[in-house]
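Student: Here it is, the structure in full.
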Amino acid sequence: MRFMAFLSFLLFPLMTVARAQVSAEGQACLDCHSSSTPGIVEQWRESAHARKNVDCYSCHRANEKDPATFEHYGQRIAVIVTPNYCGRCHGKEVEQFEKSRHSQAAQFIGSLDNMLGEVVEGGPAAANGCRQCHGSEVKYLKDGKFDADTWPNSGIGRVNPDGSRGSCAACHGRHSFSSALARQPENCGKCHLGPDHPQMEIYTESKHGIQFRANIAKMNLDAKSWVVGKDYSAAPTCATCHMSATTNQPVTHDVGDRISFTLRPVVSIKLENWEKRRAAMQDVCSNCHATGWVENFYKQYENTIDLYNEKFAKPAKAIMDKLYAANKLTKTPFDEKIEWTYYELWHHQGRRARMGTAMMGPDYTQWHGFYEVAKTFYTEFIPEAEALLPGVTADVMNSPYHQWTKGLSKEQLQQQLEFYKKKYNQ
């Protein structure tokens, strides 16, 4: 009996394929690729697609208007399964994705970020760095071959030869097509980490991330229905807050549907329909937090954003505008030191401060955020601006926000001395 059970275990993947009513074309794919690329066949065998008889040919069967197709053993197929192909069955999800910031990610081309990657650093750095998250414009050559500067690429905003944008596989995997994979925070962490957008690190530091890692076995990640508060309650992931269903709202593939502020630019602003977006996010929060808690969190969040905007971002931008207007800086980005200083001030340090607050990562709000912002602003940016145009920072530095630089009162200094004497016996 034990031997039969063991034999059944070994044969289960093959039995799964045998039971699946795949098409003749799909079976031909499996017969060949089971030996040529067995890894992807095994991934498919364990997928929801296999259980629903969706085979290789179902997805790779060429669309008539796709220019990037070729004849392959008697069938015309597409190498890249684009959202147009996924939309044959998942039309609503593709429609939602097309409205999202994710689908527009390749539009960073022409930005300061792209200038750094393509010009300052060099093209291959951008091809293997920036474009692997943002997406490249994939160029098809012929006979199933692609320009190596643009492919392979699974960037979320990839521009495909058939005109569609994005890659569903960026989140779900190319042959496992896994919802569980898309629900894992590490999946988002492929792109959302690092010095300028450390969401993965912030999440890991937060109580949300700590709860997830401690209770991952309770998360029910493989379930078809994945409604917070109903199918799981141990912790939220990125998907929980930004995409997944609650008892009051369905799944969305537009990751911006629940974001009320944009924290990416120099100055944070509220997005269009921000009240609706915020209500949708607060609905997610309310599955674990009381109304008063949620309301006060948003007050703390907005106060922090206002502080960053008014004390550092708007003044720094005004100073830069004056330097350009006075022809103290050229129009070429990054050819003067202060342009690097300013870029890191808002693009790296300022984002960390804002994102740390949004996702409840105190160390990223403070030491990786506002401390770095303040240090750079006062010890680098202001002196560099003054060296270029004396007096350009006077109005800023005379504001109440920066009065502390004129010197602390005797009472304030004494209070600090007493604190350290008492705490450290010094």
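Numbering starts fresh at 1 for the residues of each chain in the structure tokens, the chains themselves are lettered A, B, ... in the order given, and ligands are numbered from 1 as they appear.
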Can you list, as JSON, numbers by chain, all residues belonging to stretch 268-414 of chain A that DSSP tags as alpha helix (DSSP H)?

Tutor: {"A": [274, 275, 276, 277, 278, 279, 280, 281, 282, 283, 284, 285, 291, 292, 293, 294, 295, 296, 297, 298, 299, 300, 301, 302, 303, 304, 305, 306, 307, 314, 315, 316, 317, 318, 319, 320, 321, 322, 323, 324, 325, 337, 338, 339, 340, 341, 342, 343, 351, 352, 353, 354, 355, 356, 357, 358, 362, 363, 364, 365, 371, 372, 373, 374, 375, 376, 382, 383, 384, 385, 386, 387, 388, 394, 395, 396, 397, 410, 411, 412, 413, 414]}

Student: I'd like the contact shell of A:Glu380 - 12 Å cut-off, only C-alpha atoms, skipping same-chain residues fewer than 6 positions apart - returned as JSON, numbers by chain.

Tutor: {"A": [316, 337, 338, 339, 340, 341, 342, 344, 345, 372, 373, 374, 386, 387]}

Student: Calculated over only C-alpha atoms, which of the candidates A:Asp283, A:Glu98, A:Asp335, A:Glu302 has the smallest distance to A:Ala358?

Tutor: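 Ranking A:Asp283, A:Glu98, A:Asp335, A:Glu302 by distance to A:Ala358, first place goes to A:Glu302.
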
Student: Contacts of A:Met200 at 6 Å or less, counting only C-alpha atoms, minus same-chain residues fewer than 5 places along, as a count of residues only?

Tutor: 3

Student: Could you jot down the atom CA of A:Arg213 to atom CA of A:Ser154 separation for me, Å, one decimal place?

Tutor: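 Computing the Euclidean distance for atom CA of A:Arg213 and atom CA of A:Ser154 yields 26.7 Å.
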
Student: Taking the DSSP secondary structure from the backbone, can you list the residues of stretch 45-127 of chain A that are strand (DSSP E), as a list in words?

Tutor: Thr69, Phe70, Glu71, His72, Gln75, Arg76, Ile77 and Ala78 of chain A

Student: May I have the residues from that selection written out with N, CA, C and O atoms, as a compact mmCIF listing (two decimals), in the first residue's frame?

Tutor:
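Saved file result.txt follows:
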```txt
# COMPACT_ATOMS: atom_id res chain seq x y z
N THR A 69 4.88 37.27 -34.33
CA THR A 69 4.52 35.86 -34.33
C THR A 69 5.32 35.13 -35.40
O THR A 69 5.90 35.76 -36.29
N PHE A 70 5.35 33.80 -35.33
CA PHE A 70 6.10 33.03 -36.33
C PHE A 70 5.56 31.60 -36.41
O PHE A 70 4.86 31.14 -35.50
N GLU A 71 5.90 30.94 -37.49
CA GLU A 71 5.50 29.55 -37.69
C GLU A 71 6.39 28.64 -36.85
O GLU A 71 7.62 28.72 -36.90
N HIS A 72 5.74 27.76 -36.08
CA HIS A 72 6.49 26.89 -35.18
C HIS A 72 5.86 25.49 -35.22
O HIS A 72 4.78 25.26 -34.67
N GLN A 75 2.28 25.51 -36.46
CA GLN A 75 1.33 26.43 -35.80
C GLN A 75 1.92 27.83 -35.75
O GLN A 75 3.14 27.99 -35.61
N ARG A 76 1.08 28.82 -35.87
CA ARG A 76 1.55 30.20 -35.74
C ARG A 76 1.37 30.63 -34.30
O ARG A 76 0.24 30.64 -33.78
N ILE A 77 2.47 30.95 -33.65
CA ILE A 77 2.41 31.26 -32.23
C ILE A 77 3.10 32.59 -31.92
O ILE A 77 3.86 33.12 -32.74
N ALA A 78 2.81 33.11 -30.73
CA ALA A 78 3.45 34.32 -30.21
C ALA A 78 4.38 33.92 -29.07
O ALA A 78 3.99 33.14 -28.19
```

Student: Can you pull out every residue within 12 Å of A:Glu118, counting only C-alpha atoms, but drop anything in the same chain fewer than 5 positions away, and send it as a list in words?

Tutor: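 Using only C-alpha atoms, the neighbours found are Phe108, Ile109, Gly110, Ser111, Leu112, Asp113, Gly123, Pro124, Ala125, Ala126, Ala127, Asn128, Gly129, Cys130 and Arg131 of chain A.
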
Student: Hey, can you spit out that residue selection with N, CA and C atoms as a PDB file, in the first residue's frame?

Tutor:
```
ATOM      1  N   PHE A 108       8.520  56.530 -18.141  1.00  0.00           N
ATOM      2  CA  PHE A 108       9.631  57.217 -17.469  1.00  0.00           C
ATOM      3  C   PHE A 108      10.704  57.626 -18.466  1.00  0.00           C
ATOM      4  N   ILE A 109      10.651  57.061 -19.677  1.00  0.00           N
ATOM      5  CA  ILE A 109      11.614  57.440 -20.716  1.00  0.00           C
ATOM      6  C   ILE A 109      11.480  58.949 -20.981  1.00  0.00           C
ATOM      7  N   GLY A 110      12.589  59.657 -20.868  1.00  0.00           N
ATOM      8  CA  GLY A 110      12.571  61.108 -21.003  1.00  0.00           C
ATOM      9  C   GLY A 110      12.634  61.824 -19.669  1.00  0.00           C
ATOM     10  N   SER A 111      12.467  61.083 -18.573  1.00  0.00           N
ATOM     11  CA  SER A 111      12.522  61.679 -17.242  1.00  0.00           C
ATOM     12  C   SER A 111      13.964  61.819 -16.781  1.00  0.00           C
ATOM     13  N   LEU A 112      14.137  62.455 -15.607  1.00  0.00           N
ATOM     14  CA  LEU A 112      15.476  62.563 -15.028  1.00  0.00           C
ATOM     15  C   LEU A 112      16.032  61.180 -14.713  1.00  0.00           C
ATOM     16  N   ASP A 113      15.163  60.266 -14.259  1.00  0.00           N
ATOM     17  CA  ASP A 113      15.609  58.908 -13.968  1.00  0.00           C
ATOM     18  C   ASP A 113      16.194  58.266 -15.218  1.00  0.00           C
ATOM     19  N   GLY A 123      23.640  53.113 -21.593  1.00  0.00           N
ATOM     20  CA  GLY A 123      22.506  52.324 -22.054  1.00  0.00           C
ATOM     21  C   GLY A 123      22.336  50.957 -21.434  1.00  0.00           C
ATOM     22  N   PRO A 124      23.372  50.109 -21.394  1.00  0.00           N
ATOM     23  CA  PRO A 124      23.198  48.780 -20.786  1.00  0.00           C
ATOM     24  C   PRO A 124      22.749  48.832 -19.327  1.00  0.00           C
ATOM     25  N   ALA A 125      23.158  49.870 -18.597  1.00  0.00           N
ATOM     26  CA  ALA A 125      22.714  50.014 -17.211  1.00  0.00           C
ATOM     27  C   ALA A 125      21.202  50.192 -17.150  1.00  0.00           C
ATOM     28  N   ALA A 126      20.671  50.961 -18.093  1.00  0.00           N
ATOM     29  CA  ALA A 126      19.228  51.167 -18.141  1.00  0.00           C
ATOM     30  C   ALA A 126      18.500  49.920 -18.613  1.00  0.00           C
ATOM     31  N   ALA A 127      19.085  49.213 -19.603  1.00  0.00           N
ATOM     32  CA  ALA A 127      18.444  48.018 -20.149  1.00  0.00           C
ATOM     33  C   ALA A 127      18.317  46.929 -19.100  1.00  0.00           C
ATOM     34  N   ASN A 128      19.324  46.801 -18.252  1.00  0.00           N
ATOM     35  CA  ASN A 128      19.331  45.741 -17.244  1.00  0.00           C
ATOM     36  C   ASN A 128      18.886  46.224 -15.869  1.00  0.00           C
ATOM     37  N   GLY A 129      18.673  47.510 -15.741  1.00  0.00           N
ATOM     38  CA  GLY A 129      18.221  48.070 -14.477  1.00  0.00           C
ATOM     39  C   GLY A 129      16.838  48.663 -14.606  1.00  0.00           C
ATOM     40  N   CYS A 130      16.783  49.936 -14.993  1.00  0.00           N
ATOM     41  CA  CYS A 130      15.521  50.680 -15.055  1.00  0.00           C
ATOM     42  C   CYS A 130      14.427  49.930 -15.804  1.00  0.00           C
ATOM     43  N   ARG A 131      14.774  49.424 -16.998  1.00  0.00           N
ATOM     44  CA  ARG A 131      13.754  48.867 -17.887  1.00  0.00           C
ATOM     45  C   ARG A 131      13.264  47.491 -17.462  1.00  0.00           C
TER      46      ARG A 131
END
```

Student: For the atom pair atom CA of A:Gly155 and atom CA of A:Ala170, what is the interatomic distance in Å to one decimal place?

Tutor: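 These two atoms are separated by 6.5 Å.
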